[in-house]
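Asker: Structure in structure tokens, see below.
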Amino acid sequence: MIDFEALQRLRVADGDLLVVPESTEQADMELLAESIQIMNGARAVIVRGPIKNLDTAAMNKLGWYRA
């Protein structure tokens, strides 16, 4: 369930990265993504937080490669 007290106004641009609380349900993340696309015509990457900064070597080790 979305915590409406924690809701903030966002100006999401295409390609933005959004971090949501770890407790966020997958279905809520999908609804958020759909809403952003409908309202702004933008596609955002949505991840559950917290996230940490990884260097290129660490990302490659996890199977993430730069395009």
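In the structure tokens, chains take letters A, B, ... by order of appearance, with residues numbered from 1 within each chain and ligands from 1 in the order shown.
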Skipping near chain neighbours, those fewer than 3 positions away, what residues fall within 9 Å of range 35-40 of chain A using only C-alpha atoms, listed as a PyMOL selection string?

Answerer: chain A and resi 11-14+30-32+43-44

Asker: Kindly export the residues of the current selection with N, CA and C atoms, as a tab-separated table (two decimals), in the first residue's frame.

Answerer:
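See out05.tsv below for the written result:
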```
chain	number	residue	atom	x	y	z
A	11	ARG	N	8.58	15.66	-10.75
A	11	ARG	CA	8.59	16.01	-12.16
A	11	ARG	C	9.49	14.98	-12.83
A	12	VAL	N	8.87	13.90	-13.22
A	12	VAL	CA	9.62	12.77	-13.76
A	12	VAL	C	9.84	12.97	-15.25
A	13	ALA	N	11.09	12.86	-15.65
A	13	ALA	CA	11.46	12.95	-17.06
A	13	ALA	C	11.80	11.55	-17.57
A	14	ASP	N	11.72	11.38	-18.86
A	14	ASP	CA	12.02	10.10	-19.48
A	14	ASP	C	13.42	9.63	-19.08
A	30	GLU	N	4.27	-1.11	-10.35
A	30	GLU	CA	3.74	-1.17	-11.71
A	30	GLU	C	2.71	-0.08	-11.95
A	31	LEU	N	1.84	0.16	-10.96
A	31	LEU	CA	0.85	1.24	-11.07
A	31	LEU	C	1.53	2.60	-11.16
A	32	LEU	N	2.58	2.80	-10.38
A	32	LEU	CA	3.33	4.05	-10.44
A	32	LEU	C	3.93	4.25	-11.82
A	43	ARG	N	9.01	7.29	-19.35
A	43	ARG	CA	9.29	5.97	-18.80
A	43	ARG	C	10.41	6.12	-17.80
A	44	ALA	N	10.17	5.61	-16.60
A	44	ALA	CA	11.16	5.72	-15.54
A	44	ALA	C	11.55	4.32	-15.07
```

Asker: Find the spatial neighbours of Val45 in chain A, counting only C-alpha atoms, within a cut-off of 9 Å - ignore same-chain residues fewer than 6 positions away - and output them as a VMD selection string.

Answerer: chain A and resid 15 to 19 33

Asker: Write a file of the selected residues as a PDB file, in the first residue's frame, keeping N, CA, C and O atoms.

Answerer:
```
ATOM      1  N   GLY A  15      13.498   8.395 -18.586  1.00  0.00           N
ATOM      2  CA  GLY A  15      14.780   7.815 -18.208  1.00  0.00           C
ATOM      3  C   GLY A  15      15.187   8.057 -16.770  1.00  0.00           C
ATOM      4  O   GLY A  15      16.247   7.599 -16.354  1.00  0.00           O
ATOM      5  N   ASP A  16      14.376   8.760 -15.991  1.00  0.00           N
ATOM      6  CA  ASP A  16      14.716   9.009 -14.587  1.00  0.00           C
ATOM      7  C   ASP A  16      14.712   7.712 -13.786  1.00  0.00           C
ATOM      8  O   ASP A  16      14.027   6.758 -14.123  1.00  0.00           O
ATOM      9  N   LEU A  17      15.471   7.710 -12.713  1.00  0.00           N
ATOM     10  CA  LEU A  17      15.519   6.593 -11.774  1.00  0.00           C
ATOM     11  C   LEU A  17      14.773   7.015 -10.520  1.00  0.00           C
ATOM     12  O   LEU A  17      15.086   8.044  -9.918  1.00  0.00           O
ATOM     13  N   LEU A  18      13.772   6.234 -10.120  1.00  0.00           N
ATOM     14  CA  LEU A  18      13.010   6.506  -8.910  1.00  0.00           C
ATOM     15  C   LEU A  18      13.277   5.392  -7.910  1.00  0.00           C
ATOM     16  O   LEU A  18      13.232   4.214  -8.260  1.00  0.00           O
ATOM     17  N   VAL A  19      13.549   5.764  -6.667  1.00  0.00           N
ATOM     18  CA  VAL A  19      13.776   4.792  -5.602  1.00  0.00           C
ATOM     19  C   VAL A  19      12.584   4.860  -4.656  1.00  0.00           C
ATOM     20  O   VAL A  19      12.265   5.924  -4.136  1.00  0.00           O
ATOM     21  N   ALA A  33       4.540   3.212 -12.367  1.00  0.00           N
ATOM     22  CA  ALA A  33       5.146   3.304 -13.697  1.00  0.00           C
ATOM     23  C   ALA A  33       4.090   3.627 -14.756  1.00  0.00           C
ATOM     24  O   ALA A  33       4.311   4.488 -15.621  1.00  0.00           O
TER      25      ALA A  33
END
```

Asker: Please report, as a list of chain:residue names, each residue of chain A to which DSSP assigns strand (DSSP E or B) when run on this structure's backbone.

Answerer: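 Here is the list: A:Leu17, A:Leu18, A:Val19, A:Val20, A:Val45, A:Ile46, A:Val47, A:Arg48.
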
Asker: Export, as a PDB file, in the first residue's frame, the selected residues with N, CA, C and O atoms.

Answerer:
```pdb
ATOM      1  N   LEU A  17      15.471   7.710 -12.713  1.00  0.00           N
ATOM      2  CA  LEU A  17      15.519   6.593 -11.774  1.00  0.00           C
ATOM      3  C   LEU A  17      14.773   7.015 -10.520  1.00  0.00           C
ATOM      4  O   LEU A  17      15.086   8.044  -9.918  1.00  0.00           O
ATOM      5  N   LEU A  18      13.772   6.234 -10.120  1.00  0.00           N
ATOM      6  CA  LEU A  18      13.010   6.506  -8.910  1.00  0.00           C
ATOM      7  C   LEU A  18      13.277   5.392  -7.910  1.00  0.00           C
ATOM      8  O   LEU A  18      13.232   4.214  -8.260  1.00  0.00           O
ATOM      9  N   VAL A  19      13.549   5.764  -6.667  1.00  0.00           N
ATOM     10  CA  VAL A  19      13.776   4.792  -5.602  1.00  0.00           C
ATOM     11  C   VAL A  19      12.584   4.860  -4.656  1.00  0.00           C
ATOM     12  O   VAL A  19      12.265   5.924  -4.136  1.00  0.00           O
ATOM     13  N   VAL A  20      11.933   3.712  -4.474  1.00  0.00           N
ATOM     14  CA  VAL A  20      10.790   3.624  -3.572  1.00  0.00           C
ATOM     15  C   VAL A  20      11.207   2.825  -2.345  1.00  0.00           C
ATOM     16  O   VAL A  20      12.199   2.093  -2.380  1.00  0.00           O
ATOM     17  N   VAL A  45      12.751   4.222 -14.531  1.00  0.00           N
ATOM     18  CA  VAL A  45      13.211   2.997 -13.895  1.00  0.00           C
ATOM     19  C   VAL A  45      12.862   3.137 -12.421  1.00  0.00           C
ATOM     20  O   VAL A  45      13.230   4.114 -11.778  1.00  0.00           O
ATOM     21  N   ILE A  46      12.150   2.154 -11.882  1.00  0.00           N
ATOM     22  CA  ILE A  46      11.721   2.201 -10.487  1.00  0.00           C
ATOM     23  C   ILE A  46      12.350   1.024  -9.761  1.00  0.00           C
ATOM     24  O   ILE A  46      12.208  -0.119 -10.190  1.00  0.00           O
ATOM     25  N   VAL A  47      13.069   1.320  -8.682  1.00  0.00           N
ATOM     26  CA  VAL A  47      13.719   0.276  -7.894  1.00  0.00           C
ATOM     27  C   VAL A  47      13.346   0.428  -6.428  1.00  0.00           C
ATOM     28  O   VAL A  47      13.041   1.521  -5.967  1.00  0.00           O
ATOM     29  N   ARG A  48      13.397  -0.689  -5.731  1.00  0.00           N
ATOM     30  CA  ARG A  48      13.178  -0.657  -4.283  1.00  0.00           C
ATOM     31  C   ARG A  48      14.490  -0.292  -3.620  1.00  0.00           C
ATOM     32  O   ARG A  48      15.534  -0.837  -3.948  1.00  0.00           O
TER      33      ARG A  48
END
```

Asker: DSSP on the backbone: what in chain A comes out helix (DSSP H, G or I), as a CSV table (one decimal) with C-alpha atoms, in the first residue's frame?

Answerer:
```csv
chain,number,residue,atom,x,y,z
A,4,PHE,CA,0.2,8.9,1.0
A,5,GLU,CA,1.8,10.9,3.9
A,6,ALA,CA,5.2,10.3,2.3
A,26,GLN,CA,5.5,-4.9,-7.0
A,27,ALA,CA,1.9,-4.1,-8.0
A,28,ASP,CA,2.2,-0.6,-6.6
A,29,MET,CA,5.5,-0.1,-8.5
A,30,GLU,CA,3.7,-1.2,-11.7
A,31,LEU,CA,0.9,1.2,-11.1
A,32,LEU,CA,3.3,4.1,-10.4
A,33,ALA,CA,5.1,3.3,-13.7
A,34,GLU,CA,1.9,3.2,-15.7
A,35,SER,CA,0.7,6.5,-14.1
A,36,ILE,CA,4.0,8.3,-14.9
A,37,GLN,CA,3.8,7.1,-18.5
A,38,ILE,CA,0.1,8.2,-18.8
A,39,MET,CA,0.6,11.6,-17.1
A,40,ASN,CA,4.0,12.6,-18.4
A,56,THR,CA,31.7,-0.5,-13.3
A,57,ALA,CA,33.6,-3.6,-12.2
A,58,ALA,CA,31.0,-4.4,-9.5
A,59,MET,CA,28.2,-3.9,-12.0
A,60,ASN,CA,29.9,-6.2,-14.6
A,61,LYS,CA,30.3,-8.8,-11.9
```

Asker: Quick one: distance from CA of Trp64 in chain A to CA of Leu10 in chain A in Å, one decimal?

Answerer: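 Atom-to-atom, CA of Trp64 in chain A to CA of Leu10 in chain A, that is 27.5 Å.
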
Asker: Quote the spacing between CA of Asp55 in chain A and CA of Ala42 in chain A in Å to one decimal place.

Answerer: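 CA of Asp55 in chain A sits 27.0 Å away from CA of Ala42 in chain A.
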
Asker: Work out how far CA of Thr24 in chain A is from CA of Gly49 in chain A, in Å to one decimal.

Answerer: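 Interatomic distance, CA of Gly49 in chain A to CA of Thr24 in chain A: 9.2 Å.
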